[in-house]
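The data block below is protein.txt; it holds compact mmCIF, C-alpha atoms (C1' of nucleotides).
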# COMPACT_ATOMS: atom_id res chain seq x y z
CA MET A 177 2.94 -19.88 16.81
CA ALA A 178 0.00 -17.69 16.03
CA LYS A 179 -3.41 -18.11 17.62
CA ILE A 180 -6.93 -17.30 16.70
CA ILE A 181 -7.86 -14.07 18.39
CA VAL A 182 -11.19 -14.26 20.15
CA GLN A 183 -13.21 -11.17 21.02
CA LYS A 184 -15.33 -11.51 24.08
CA ASP A 185 -18.64 -11.23 22.26
CA SER A 186 -18.13 -14.10 19.83
CA SER A 187 -16.94 -17.67 20.08
CA LYS A 188 -13.96 -19.11 18.26
CA LYS A 189 -16.24 -21.00 15.91
CA GLU A 190 -18.16 -17.85 15.07
CA ILE A 191 -14.95 -16.08 14.13
CA ILE A 192 -14.03 -18.91 11.83
CA LEU A 193 -17.49 -18.75 10.23
CA ILE A 194 -17.16 -15.03 9.64
CA HIS A 195 -13.81 -15.46 7.94
CA ALA A 196 -15.13 -18.43 5.97
CA ALA A 197 -18.15 -16.46 4.78
CA GLU A 198 -16.00 -13.63 3.55
CA LEU A 199 -13.61 -15.96 1.74
CA PHE A 200 -16.38 -18.08 0.23
CA ARG A 201 -18.08 -14.93 -1.01
CA LYS A 202 -14.92 -13.62 -2.64
CA LYS A 203 -13.60 -16.82 -4.18
CA GLY A 204 -16.56 -19.19 -4.21
CA PHE A 205 -16.76 -22.27 -2.02
CA THR A 206 -14.89 -24.63 -4.34
CA ALA A 207 -12.11 -22.23 -5.22
CA ALA A 208 -11.60 -21.15 -1.63
CA SER A 209 -9.00 -23.33 0.03
CA VAL A 210 -8.77 -24.33 3.67
CA ARG A 211 -5.17 -23.18 3.66
CA GLU A 212 -6.21 -19.73 2.54
CA LEU A 213 -8.93 -19.60 5.16
CA ALA A 214 -6.47 -20.56 7.87
CA GLU A 215 -4.11 -17.88 6.59
CA THR A 216 -6.70 -15.15 7.13
CA MET A 217 -6.55 -16.07 10.80
CA GLY A 218 -2.81 -16.41 10.96
CA ILE A 219 -2.64 -20.16 11.51
CA GLU A 220 -1.78 -23.23 9.44
CA ALA A 221 -4.46 -25.22 7.63
CA PRO A 222 -4.26 -28.40 9.70
CA SER A 223 -4.63 -26.38 12.90
CA LEU A 224 -8.07 -25.39 11.75
CA TYR A 225 -9.19 -28.97 12.15
CA ASN A 226 -8.91 -28.59 15.90
CA HIS A 227 -12.00 -26.40 15.56
CA ILE A 228 -13.96 -27.61 12.56
CA GLY A 229 -15.08 -30.97 11.20
CA SER A 230 -14.60 -30.22 7.54
CA LYS A 231 -14.72 -27.50 4.93
CA ALA A 232 -18.21 -28.62 3.92
CA GLU A 233 -19.40 -28.23 7.50
CA LEU A 234 -18.62 -24.51 7.36
CA LEU A 235 -20.79 -24.06 4.30
CA GLN A 236 -23.61 -25.98 5.94
CA GLU A 237 -23.49 -23.85 9.04
CA ILE A 238 -23.49 -20.63 7.07
CA CYS A 239 -26.36 -21.65 4.80
CA PHE A 240 -28.57 -23.02 7.55
CA GLU A 241 -27.95 -20.13 9.90
CA VAL A 242 -29.18 -17.72 7.24
CA ALA A 243 -32.08 -19.96 6.25
CA SER A 244 -33.17 -20.26 9.86
CA ASP A 245 -33.18 -16.50 10.27
CA TYR A 246 -35.46 -16.09 7.28
CA THR A 247 -37.73 -18.90 8.41
CA ALA A 248 -37.96 -17.49 11.92
CA HIS A 249 -38.91 -14.10 10.54
CA MET A 250 -41.53 -15.68 8.32
CA GLU A 251 -43.10 -17.34 11.37
CA GLU A 252 -43.32 -13.95 13.04
CA VAL A 253 -44.95 -12.40 10.01
CA LEU A 254 -47.42 -15.22 9.58
CA SER A 255 -48.57 -15.06 13.19
CA SER A 256 -48.97 -11.28 13.04
CA THR A 257 -52.17 -9.38 12.36
CA LEU A 258 -50.64 -7.33 9.56
CA ASN A 259 -52.51 -7.09 6.27
CA PRO A 260 -50.94 -8.73 3.19
CA ALA A 261 -49.36 -5.51 1.92
CA GLU A 262 -47.74 -4.86 5.27
CA LYS A 263 -46.59 -8.46 5.45
CA ILE A 264 -44.89 -8.25 2.08
CA ALA A 265 -43.33 -4.90 2.95
CA ASN A 266 -42.10 -6.44 6.18
CA ILE A 267 -40.49 -9.32 4.35
CA ILE A 268 -38.81 -7.06 1.82
CA ARG A 269 -37.48 -4.89 4.60
CA PHE A 270 -36.12 -7.89 6.48
CA HIS A 271 -34.30 -9.16 3.39
CA VAL A 272 -32.68 -5.82 2.68
CA ARG A 273 -31.67 -5.34 6.28
CA LYS A 274 -30.36 -8.85 6.70
CA LEU A 275 -28.31 -8.50 3.53
CA SER A 276 -26.77 -5.28 4.76
CA THR A 277 -25.93 -6.56 8.25
CA ASP A 278 -24.75 -10.07 7.35
CA PHE A 279 -23.61 -9.46 3.82
CA ASP A 280 -21.05 -12.24 3.50
CA LYS A 281 -23.18 -14.97 5.02
CA VAL A 282 -26.31 -14.02 3.09
CA PHE A 283 -24.34 -13.80 -0.11
CA VAL A 284 -22.78 -17.22 0.43
CA SER A 285 -26.12 -18.72 1.32
CA GLU A 286 -27.58 -17.29 -1.90
CA HIS A 287 -24.75 -18.24 -4.22
CA GLU A 288 -23.09 -21.34 -2.84
CA TRP A 289 -25.92 -23.50 -1.50
CA LYS A 290 -25.59 -25.67 -4.59
CA ARG A 291 -22.28 -26.89 -3.26
CA LEU A 292 -23.93 -28.37 -0.17
CA PRO A 293 -23.63 -32.14 0.11
CA GLN A 294 -26.65 -34.04 -1.19
CA ASN A 295 -28.71 -34.57 1.95
CA TYR A 296 -28.19 -31.05 3.25
CA LEU A 297 -28.99 -29.67 -0.16
CA GLU A 298 -32.36 -31.36 -0.16
CA GLN A 299 -33.12 -30.02 3.29
CA PHE A 300 -32.07 -26.53 2.27
CA LEU A 301 -34.25 -26.60 -0.83
CA ALA A 302 -37.22 -27.87 1.15
CA GLN A 303 -36.84 -24.96 3.53
CA ARG A 304 -36.64 -22.53 0.65
CA LYS A 305 -39.69 -24.00 -1.01
CA ALA A 306 -41.68 -23.78 2.21
CA TYR A 307 -40.68 -20.12 2.47
CA GLU A 308 -41.82 -19.45 -1.06
CA ASN A 309 -45.12 -21.20 -0.47
CA ASN A 310 -45.74 -19.07 2.58
CA MET A 311 -45.17 -15.97 0.49
CA ILE A 312 -47.45 -17.24 -2.25
CA GLU A 313 -50.21 -17.67 0.29
CA ILE A 314 -49.77 -14.12 1.51
CA VAL A 315 -49.99 -12.82 -2.05
CA GLN A 316 -53.04 -14.95 -2.75
CA GLU A 317 -54.70 -13.57 0.36
CA GLY A 318 -53.98 -10.05 -0.89
CA ILE A 319 -55.56 -10.84 -4.23
CA ASP A 320 -58.60 -12.40 -2.61
CA LYS A 321 -59.05 -9.33 -0.43
CA LYS A 322 -58.80 -7.09 -3.52
CA ILE A 323 -55.72 -5.37 -2.10
CA PHE A 324 -53.39 -6.75 -4.75
CA SER A 325 -53.68 -6.75 -8.53
CA ASN A 326 -54.56 -9.99 -10.15
CA LEU A 327 -51.00 -11.09 -10.89
CA LEU A 328 -49.99 -14.74 -10.99
CA PRO A 329 -48.99 -15.24 -7.34
CA SER A 330 -46.10 -17.57 -8.01
CA ILE A 331 -44.56 -15.13 -10.48
CA ALA A 332 -45.14 -12.16 -8.21
CA VAL A 333 -43.29 -14.00 -5.46
CA LEU A 334 -40.59 -14.95 -7.93
CA ALA A 335 -40.22 -11.28 -8.84
CA ILE A 336 -40.04 -10.08 -5.25
CA LEU A 337 -37.65 -12.78 -4.11
CA SER A 338 -35.36 -12.48 -7.09
CA ALA A 339 -35.31 -8.71 -6.59
CA VAL A 340 -34.30 -8.90 -2.93
CA ARG A 341 -32.13 -11.99 -3.22
CA GLY A 342 -30.25 -10.74 -6.25
CA LEU A 343 -29.44 -7.39 -4.68
CA GLU A 344 -25.81 -6.59 -5.10
CA LEU A 345 -24.39 -4.27 -2.54
CA ARG A 346 -21.26 -3.17 -4.24
CA GLN A 347 -18.92 -0.60 -2.87
CA ARG A 348 -20.00 2.12 -5.20
CA HIS A 349 -23.58 1.68 -4.09
CA LYS A 350 -22.79 1.90 -0.41
CA ASN A 351 -21.74 5.52 -0.68
CA GLU A 352 -24.59 6.36 -3.00
CA PHE A 353 -27.47 5.80 -0.62
CA THR A 354 -28.34 4.61 2.87
CA ILE A 355 -29.88 1.28 3.85
CA GLU A 356 -33.09 3.08 4.77
CA GLU A 357 -33.31 4.57 1.28
CA LEU A 358 -32.69 1.15 -0.21
CA GLU A 359 -35.36 -0.44 1.96
CA GLU A 360 -38.01 2.15 1.28
CA THR A 361 -37.32 2.42 -2.42
CA MET A 362 -37.43 -1.34 -2.86
CA ILE A 363 -40.75 -1.55 -1.01
CA GLN A 364 -42.12 1.39 -2.95
CA HIS A 365 -41.01 -0.09 -6.24
CA LEU A 366 -42.24 -3.63 -5.66
CA LEU A 367 -45.54 -2.56 -4.10
CA HIS A 368 -46.44 0.49 -6.19
CA GLY A 369 -44.32 0.02 -9.28
CA ILE A 370 -42.23 2.62 -11.02
CA LEU A 371 -45.04 4.18 -13.04
CA LYS A 372 -46.93 7.14 -11.65
CA MET B 51 -11.98 -43.25 -31.04
CA ALA B 52 -15.00 -41.07 -30.49
CA LYS B 53 -15.49 -37.78 -32.25
CA ILE B 54 -17.37 -34.63 -31.53
CA ILE B 55 -20.62 -34.76 -33.45
CA VAL B 56 -21.29 -31.56 -35.34
CA GLN B 57 -24.76 -30.56 -36.50
CA LYS B 58 -24.83 -28.52 -39.64
CA ASP B 59 -26.21 -25.41 -37.99
CA SER B 60 -23.50 -25.00 -35.39
CA SER B 61 -19.73 -25.11 -35.38
CA LYS B 62 -17.63 -27.44 -33.31
CA LYS B 63 -16.63 -24.61 -31.01
CA GLU B 64 -20.26 -23.68 -30.45
CA ILE B 65 -21.08 -27.23 -29.42
CA ILE B 66 -18.26 -27.19 -26.91
CA LEU B 67 -19.52 -23.87 -25.55
CA ILE B 68 -23.02 -25.25 -25.13
CA HIS B 69 -21.76 -28.25 -23.21
CA ALA B 70 -19.44 -26.04 -21.18
CA ALA B 71 -22.26 -23.67 -20.27
CA GLU B 72 -24.44 -26.52 -19.06
CA LEU B 73 -21.63 -28.04 -16.99
CA PHE B 74 -20.49 -24.70 -15.55
CA ARG B 75 -24.08 -23.97 -14.55
CA LYS B 76 -24.53 -27.30 -12.82
CA LYS B 77 -21.19 -27.56 -11.02
CA GLY B 78 -19.80 -24.05 -11.08
CA PHE B 79 -16.76 -23.05 -13.10
CA THR B 80 -14.11 -24.06 -10.58
CA ALA B 81 -15.66 -27.39 -9.66
CA ALA B 82 -16.32 -28.33 -13.28
CA SER B 83 -13.36 -30.26 -14.66
CA VAL B 84 -12.11 -30.32 -18.21
CA ARG B 85 -12.17 -34.09 -18.06
CA GLU B 86 -15.83 -34.07 -17.18
CA LEU B 87 -16.57 -31.60 -19.95
CA ALA B 88 -14.78 -33.77 -22.49
CA GLU B 89 -16.73 -36.75 -21.22
CA THR B 90 -20.05 -35.10 -22.06
CA MET B 91 -18.89 -35.11 -25.66
CA GLY B 92 -17.45 -38.60 -25.59
CA ILE B 93 -13.77 -37.66 -25.93
CA GLU B 94 -10.75 -37.52 -23.64
CA ALA B 95 -9.75 -34.31 -21.87
CA PRO B 96 -6.50 -33.66 -23.75
CA SER B 97 -8.33 -34.02 -27.07
CA LEU B 98 -10.37 -30.98 -26.18
CA TYR B 99 -7.23 -28.87 -26.42
CA ASN B 100 -7.25 -29.38 -30.18
CA HIS B 101 -10.27 -27.07 -30.14
CA ILE B 102 -9.89 -24.73 -27.17
CA GLY B 103 -7.10 -22.66 -25.73
CA SER B 104 -7.91 -23.17 -22.08
CA LYS B 105 -10.73 -23.75 -19.64
CA ALA B 106 -10.74 -20.05 -18.78
CA GLU B 107 -11.20 -19.18 -22.44
CA LEU B 108 -14.54 -21.00 -22.45
CA LEU B 109 -15.80 -18.92 -19.55
CA GLN B 110 -14.66 -15.74 -21.25
CA GLU B 111 -16.47 -16.60 -24.45
CA ILE B 112 -19.68 -17.46 -22.64
CA CYS B 113 -19.67 -14.32 -20.50
CA PHE B 114 -18.83 -11.93 -23.31
CA GLU B 115 -21.25 -13.47 -25.75
CA VAL B 116 -24.07 -12.86 -23.29
CA ALA B 117 -22.82 -9.41 -22.37
CA SER B 118 -22.63 -8.45 -26.04
CA ASP B 119 -26.21 -9.54 -26.61
CA TYR B 120 -27.43 -7.34 -23.79
CA THR B 121 -25.32 -4.42 -24.91
CA ALA B 122 -26.53 -4.76 -28.51
CA HIS B 123 -30.12 -4.77 -27.34
CA MET B 124 -29.49 -1.71 -25.22
CA GLU B 125 -28.16 0.13 -28.29
CA GLU B 126 -31.36 -0.71 -30.11
CA VAL B 127 -33.50 0.54 -27.26
CA LEU B 128 -31.51 3.74 -26.86
CA SER B 129 -31.78 4.61 -30.53
CA SER B 130 -35.52 3.91 -30.59
CA THR B 131 -38.30 6.45 -30.20
CA LEU B 132 -40.00 4.54 -27.41
CA ASN B 133 -40.96 6.40 -24.25
CA PRO B 134 -39.14 5.52 -21.02
CA ALA B 135 -41.84 3.14 -19.81
CA GLU B 136 -41.79 1.25 -23.08
CA LYS B 137 -38.02 1.17 -23.01
CA ILE B 138 -37.94 -0.37 -19.54
CA ALA B 139 -40.64 -2.86 -20.49
CA ASN B 140 -38.63 -3.74 -23.56
CA ILE B 141 -35.52 -4.36 -21.49
CA ILE B 142 -37.36 -6.50 -18.97
CA ARG B 143 -38.89 -8.53 -21.77
CA PHE B 144 -35.51 -9.04 -23.40
CA HIS B 145 -33.96 -10.28 -20.17
CA VAL B 146 -36.74 -12.77 -19.51
CA ARG B 147 -36.69 -14.03 -23.07
CA LYS B 148 -32.93 -14.29 -23.24
CA LEU B 149 -32.87 -16.22 -19.99
CA SER B 150 -35.43 -18.67 -21.29
CA THR B 151 -33.77 -19.25 -24.65
CA ASP B 152 -30.13 -19.32 -23.52
CA PHE B 153 -30.59 -20.45 -19.96
CA ASP B 154 -27.22 -22.08 -19.36
CA LYS B 155 -25.13 -19.31 -20.87
CA VAL B 156 -27.06 -16.52 -19.18
CA PHE B 157 -26.90 -18.33 -15.87
CA VAL B 158 -23.16 -18.86 -16.16
CA SER B 159 -22.62 -15.26 -17.18
CA GLU B 160 -24.61 -14.15 -14.12
CA HIS B 161 -23.05 -16.48 -11.59
CA GLU B 162 -19.53 -17.23 -12.71
CA TRP B 163 -18.18 -13.95 -14.11
CA LYS B 164 -16.23 -13.50 -10.89
CA ARG B 165 -14.03 -16.37 -11.97
CA LEU B 166 -12.88 -14.48 -15.08
CA PRO B 167 -9.16 -13.70 -15.17
CA GLN B 168 -8.30 -10.21 -13.93
CA ASN B 169 -8.17 -8.21 -17.16
CA TYR B 170 -11.31 -9.79 -18.59
CA LEU B 171 -13.08 -9.30 -15.32
CA GLU B 172 -12.42 -5.58 -15.46
CA GLN B 173 -13.70 -5.38 -19.00
CA PHE B 174 -16.80 -7.35 -18.08
CA LEU B 175 -17.56 -5.10 -15.13
CA ALA B 176 -17.06 -2.00 -17.23
CA GLN B 177 -19.59 -3.30 -19.73
CA ARG B 178 -22.04 -4.06 -16.94
CA LYS B 179 -21.61 -0.64 -15.42
CA ALA B 180 -22.19 1.05 -18.76
CA TYR B 181 -25.36 -0.98 -19.13
CA GLU B 182 -26.57 0.09 -15.70
CA ASN B 183 -25.79 3.71 -16.41
CA ASN B 184 -27.82 3.56 -19.60
CA MET B 185 -30.75 2.23 -17.63
CA ILE B 186 -30.36 4.87 -14.97
CA GLU B 187 -30.57 7.54 -17.68
CA ILE B 188 -33.77 6.02 -19.01
CA VAL B 189 -35.30 6.03 -15.54
CA GLN B 190 -34.17 9.60 -14.95
CA GLU B 191 -35.77 10.63 -18.21
CA GLY B 192 -39.00 8.98 -17.08
CA ILE B 193 -38.92 10.88 -13.81
CA ASP B 194 -38.19 14.16 -15.56
CA LYS B 195 -41.13 13.61 -17.90
CA LYS B 196 -43.39 12.86 -14.90
CA ILE B 197 -44.07 9.36 -16.21
CA PHE B 198 -42.24 7.66 -13.35
CA SER B 199 -42.56 8.12 -9.61
CA ASN B 200 -39.81 9.99 -7.88
CA LEU B 201 -37.79 6.91 -6.86
CA LEU B 202 -34.03 7.00 -6.55
CA PRO B 203 -33.03 6.04 -10.10
CA SER B 204 -30.02 3.95 -9.14
CA ILE B 205 -32.07 1.90 -6.70
CA ALA B 206 -34.94 1.48 -9.14
CA VAL B 207 -32.47 0.13 -11.67
CA LEU B 208 -30.94 -2.06 -8.99
CA ALA B 209 -34.41 -3.44 -8.25
CA ILE B 210 -35.27 -4.12 -11.87
CA LEU B 211 -31.94 -5.68 -12.72
CA SER B 212 -31.76 -7.83 -9.63
CA ALA B 213 -35.31 -8.99 -10.31
CA VAL B 214 -34.63 -10.07 -13.87
CA ARG B 215 -31.08 -11.24 -13.31
CA GLY B 216 -31.92 -13.27 -10.26
CA LEU B 217 -34.79 -15.09 -11.91
CA GLU B 218 -34.55 -18.77 -11.27
CA LEU B 219 -36.22 -20.90 -13.86
CA ARG B 220 -36.50 -24.14 -12.02
CA GLN B 221 -38.22 -27.17 -13.38
CA ARG B 222 -41.28 -26.82 -11.26
CA HIS B 223 -41.79 -23.31 -12.55
CA LYS B 224 -41.54 -24.33 -16.15
CA ASN B 225 -44.72 -26.36 -16.00
CA GLU B 226 -46.47 -23.76 -13.92
CA PHE B 227 -46.60 -20.94 -16.43
CA THR B 228 -45.47 -19.92 -19.91
CA ILE B 229 -42.68 -17.54 -20.82
CA GLU B 230 -45.26 -15.04 -22.02
CA GLU B 231 -46.96 -15.10 -18.64
CA LEU B 232 -43.62 -14.63 -16.95
CA GLU B 233 -42.70 -11.70 -19.21
CA GLU B 234 -45.98 -9.89 -18.82
CA THR B 235 -46.30 -10.47 -15.09
CA MET B 236 -42.74 -9.24 -14.48
CA ILE B 237 -43.39 -6.11 -16.54
CA GLN B 238 -46.71 -5.55 -14.82
CA HIS B 239 -45.18 -6.02 -11.40
CA LEU B 240 -42.11 -3.86 -11.89
CA LEU B 241 -43.97 -1.08 -13.71
CA HIS B 242 -47.28 -1.00 -11.82
CA GLY B 243 -46.42 -2.77 -8.57
CA ILE B 244 -48.40 -5.42 -6.81
CA LEU B 245 -50.84 -3.08 -5.07
CA LYS B 246 -54.13 -2.23 -6.73
C1' DC C 198 -3.49 -43.00 -55.06
C1' DA C 199 -0.43 -39.80 -52.37
C1' DT C 200 -0.06 -36.13 -49.19
C1' DT C 201 -1.31 -33.27 -45.72
C1' DT C 202 -4.11 -31.69 -42.13
C1' DT C 203 -7.25 -32.61 -38.48
C1' DC C 204 -8.09 -34.66 -34.35
C1' DA C 205 -8.17 -38.31 -31.17
C1' DC C 206 -5.24 -41.03 -28.22
C1' DT C 207 -1.89 -42.38 -24.08
C1' DA C 208 1.46 -40.96 -20.88
C1' DA C 209 3.37 -37.72 -18.07
C1' DT C 210 4.04 -33.35 -15.22
C1' DA C 211 3.74 -30.27 -11.70
C1' DA C 212 0.59 -28.05 -8.86
C1' DT C 213 -2.94 -27.92 -5.47
C1' DC C 214 -6.33 -29.85 -2.72
C1' DA C 215 -8.62 -31.59 1.93
C1' DT C 216 -7.43 -34.16 5.44
C1' DT C 217 -4.85 -37.40 8.99
C1' DA C 218 -1.11 -38.62 12.09
C1' DG C 219 1.95 -37.55 15.28
C1' DT C 220 4.42 -34.08 17.96
C1' DT C 221 5.30 -29.90 20.45
C1' DT C 222 4.01 -25.67 22.48
C1' DT C 223 1.03 -22.75 25.10
C1' DG C 224 -1.60 -21.16 28.80
C1' DA C 225 -4.91 -21.78 32.52
C1' DG C 226 -6.05 -23.88 36.91
C1' DA C 227 -4.45 -26.66 41.00
C1' DT D 227 5.62 -24.47 40.11
C1' DC D 228 3.33 -28.60 38.16
C1' DT D 229 -0.17 -30.71 35.31
C1' DC D 230 -3.08 -31.26 31.69
C1' DA D 231 -5.96 -30.07 28.08
C1' DA D 232 -6.33 -27.08 24.18
C1' DA D 233 -4.47 -25.85 20.16
C1' DA D 234 -0.66 -24.96 17.45
C1' DC D 235 2.93 -27.14 14.51
C1' DT D 236 5.42 -30.23 10.62
C1' DA D 237 5.21 -33.96 7.58
C1' DA D 238 2.87 -36.89 4.76
C1' DT D 239 -0.92 -39.04 1.88
C1' DG D 240 -3.63 -39.83 -1.87
C1' DA D 241 -6.67 -37.76 -4.93
C1' DT D 242 -7.60 -34.52 -8.50
C1' DT D 243 -6.44 -30.73 -11.31
C1' DA D 244 -5.24 -28.25 -16.02
C1' DT D 245 -2.23 -28.74 -19.38
C1' DT D 246 1.82 -30.40 -22.58
C1' DA D 247 4.30 -33.76 -25.39
C1' DG D 248 4.43 -37.04 -28.53
C1' DT D 249 2.07 -40.49 -31.54
C1' DG D 250 -1.00 -42.55 -34.66
C1' DA D 251 -5.33 -42.87 -37.18
C1' DA D 252 -8.72 -40.86 -40.02
C1' DA D 253 -10.37 -37.68 -43.27
C1' DA D 254 -9.86 -34.28 -46.59
C1' DT D 255 -7.33 -32.48 -50.46
C1' DG D 256 -4.47 -32.76 -54.36
Once more with this new file: its structure as structure tokens, please.
Amino acid sequence: MAKIIVQKDSSKKEIILIHAAELFRKKGFTAASVRELAETMGIEAPSLYNHIGSKAELLQEICFEVASDYTAHMEEVLSSTLNPAEKIANIIRFHVRKLSTDFDKVFVSEHEWKRLPQNYLEQFLAQRKAYENNMIEIVQEGIDKKIFSNLLPSIAVLAILSAVRGLELRQRHKNEFTIEELEETMIQHLLHGILK
Amino acid sequence: MAKIIVQKDSSKKEIILIHAAELFRKKGFTAASVRELAETMGIEAPSLYNHIGSKAELLQEICFEVASDYTAHMEEVLSSTLNPAEKIANIIRFHVRKLSTDFDKVFVSEHEWKRLPQNYLEQFLAQRKAYENNMIEIVQEGIDKKIFSNLLPSIAVLAILSAVRGLELRQRHKNEFTIEELEETMIQHLLHGILK
DNA sequence: CATTTTCACTAATAATCATTAGTTTTGAGA
DNA sequence: TCTCAAAACTAATGATTATTAGTGAAAATG
């Protein structure tokens, strides 16, 4: 009779979430089976239900944990005295770093949120929209202060967010450059462009 | 006994692919059922097998149709006499336009290619990698000619591709701006940056 | 009009799924 | 060592899945 192995620095639930995130990333939420998830921890599927409420619950917890992290960071940025350019750079840096440290969870949150049950999905989207609106305001402030070019703010935000959200950290990239290089190049590119 | 309605300008298979793309986008490939797909065309699931080989075949055809379009456009760009900046702008414009005209198929190709069967998946990834390498060469050429800043080419390409691939055309955006505005703002942003 | 092909149907199959019920084992604290 | 809760197990359920087989109607072709 196998047991879930718990390290001292993380709870049993957290271990399950980590395994779930990895599996959901690899196979997608729908295609990933509870049996397979249990297998990665050396137990039978029904045993998992001693620890979780449902498969859907795992997705919820992953998505909202990531969303909360982004929202919390946004609060920090908004209450700071940074100028708009620094704020945007800060946000880009946070996204890149978060993606590299919590790859599976961020990836799942990005790609599988559509599989959230109805009510949670609405809440998730509302949180996302609020985040976007905060960014749009920062960009608008930059334009008003003549720091930013006169781009359409909503599209500029769309560009930045799709750039950082869509980032794919594949294996071949990991050996090609460091996270710091990725961070700085992304900021450089999105702030200054690629043209000289 | 219902029948698939065929317009004169598209074959029966194409109609199935269009419906499949829309359903796969909305529910994801795994969660989308053949029964549900058949239902969108007013027939029973087994009847669909008079026209298709398998569910997986539909995904293959969608993914490779999109991939071929991008590859064909890349060939055009490579054999043109445009300078690197114009080439990149051209590629960005093509991505945005393609996404807006063939939204469902492009979306499915972007999000569901992981569900391709093994051998097709390898082929798809090879095609993607070749595409990326072509772009990296264009960026390198721009750097060599002192047109582009000295960014890491692979990351610059990663930024551009993740920006255009990750674009989400949600309903609220569609009424907010035109495709032309989206195209030009994306090009402006990725080439010149957001800073003045 | 006769024949053949196309294409829809119903019925069935075998697999897989998430989850529940009920039972047994394990391991920690008294 | 005894007790009890935590957590593992097996077995089962009912739903859903993609797909095949076999049949009949409709449409196209001669």
Under the rule of at most 12 Å, produce a per-residue listing of chain C near region 239-250 of chain D: chain, number, name, the closest pair of atoms, and the distance in Å, as CSV, using all atoms listed in the file.
residue,atom,partner,partner_atom,distance
C:DC204,C1',D:DG250,C1',10.6
C:DA205,C1',D:DG250,C1',9.0
C:DC206,C1',D:DG250,C1',7.9
C:DT207,C1',D:DT249,C1',8.7
C:DA208,C1',D:DA247,C1',9.0
C:DA209,C1',D:DA247,C1',8.4
C:DT210,C1',D:DT246,C1',8.2
C:DA211,C1',D:DT245,C1',9.8
C:DA212,C1',D:DT243,C1',7.9
C:DT213,C1',D:DT243,C1',7.4
C:DC214,C1',D:DT242,C1',7.5
C:DA215,C1',D:DA241,C1',9.4
C:DT216,C1',D:DT239,C1',8.9
C:DT217,C1',D:DT239,C1',8.3
C:DA218,C1',D:DT239,C1',10.2
Residue list as an MDAnalysis selection string for point (-35.1, 6.6, -8.6), cut-off 12 Å, all atoms listed in the file:
(chainID A and resid 352:353 357:358 360:362 364:365 369:371) or (chainID B and resid 185:194 198:210)
Next, write the just-selected residues to a file, as a CSV table (one decimal), in the coordinates of the input, keeping C-alpha atoms as the atom set.
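The resulting again_20.csv:
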chain,number,residue,atom,x,y,z
A,352,GLU,CA,-24.6,6.4,-3.0
A,353,PHE,CA,-27.5,5.8,-0.6
A,357,GLU,CA,-33.3,4.6,1.3
A,358,LEU,CA,-32.7,1.2,-0.2
A,360,GLU,CA,-38.0,2.2,1.3
A,361,THR,CA,-37.3,2.4,-2.4
A,362,MET,CA,-37.4,-1.3,-2.9
A,364,GLN,CA,-42.1,1.4,-3.0
A,365,HIS,CA,-41.0,-0.1,-6.2
A,369,GLY,CA,-44.3,0.0,-9.3
A,370,ILE,CA,-42.2,2.6,-11.0
A,371,LEU,CA,-45.0,4.2,-13.0
B,185,MET,CA,-30.8,2.2,-17.6
B,186,ILE,CA,-30.4,4.9,-15.0
B,187,GLU,CA,-30.6,7.5,-17.7
B,188,ILE,CA,-33.8,6.0,-19.0
B,189,VAL,CA,-35.3,6.0,-15.5
B,190,GLN,CA,-34.2,9.6,-15.0
B,191,GLU,CA,-35.8,10.6,-18.2
B,192,GLY,CA,-39.0,9.0,-17.1
B,193,ILE,CA,-38.9,10.9,-13.8
B,194,ASP,CA,-38.2,14.2,-15.6
B,198,PHE,CA,-42.2,7.7,-13.4
B,199,SER,CA,-42.6,8.1,-9.6
B,200,ASN,CA,-39.8,10.0,-7.9
B,201,LEU,CA,-37.8,6.9,-6.9
B,202,LEU,CA,-34.0,7.0,-6.6
B,203,PRO,CA,-33.0,6.0,-10.1
B,204,SER,CA,-30.0,4.0,-9.1
B,205,ILE,CA,-32.1,1.9,-6.7
B,206,ALA,CA,-34.9,1.5,-9.1
B,207,VAL,CA,-32.5,0.1,-11.7
B,208,LEU,CA,-30.9,-2.1,-9.0
B,209,ALA,CA,-34.4,-3.4,-8.2
B,210,ILE,CA,-35.3,-4.1,-11.9
If you count all atoms listed in the file, the residue of D:DA238, D:DC228, D:DA233, D:DA252 closest to chain A turns out to be D:DA233
What is the distance between CA of Val214 (chain B) and CA of Leu240 (chain B), in Å to one decimal?
9.9 Å
Determine which residues of chain B sit within 8 Å of chain D, taking into account only C-alpha atoms (C1' of nucleotides), and present them as a VMD selection string.
chain B and resid 83 to 84 96 105
What does the distance between CA of Lys189 (chain A) and CA of Leu234 (chain A) come to in Å, to one decimal place?
9.5 Å
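The gap separating CA of His287 (chain A) from CA of Ala70 (chain B) is 19.4 Å, in Å to one decimal.
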For each of B:Ile237, B:Ile112, B:Ala81, B:Ala106, take the minimum atom-to-atom distance to His69 (chain B), counting only C-alpha atoms, then give the residue where this is smallest.
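Closest to His69 (chain B) of all the choices is B:Ile112.
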Write out as number ranges by chain every residue belonging to chain A that has an atom at most 12 Å from any atom of chain C, counting all atoms listed in the file.
A: 177-179, 206-212, 221-226, 228-232
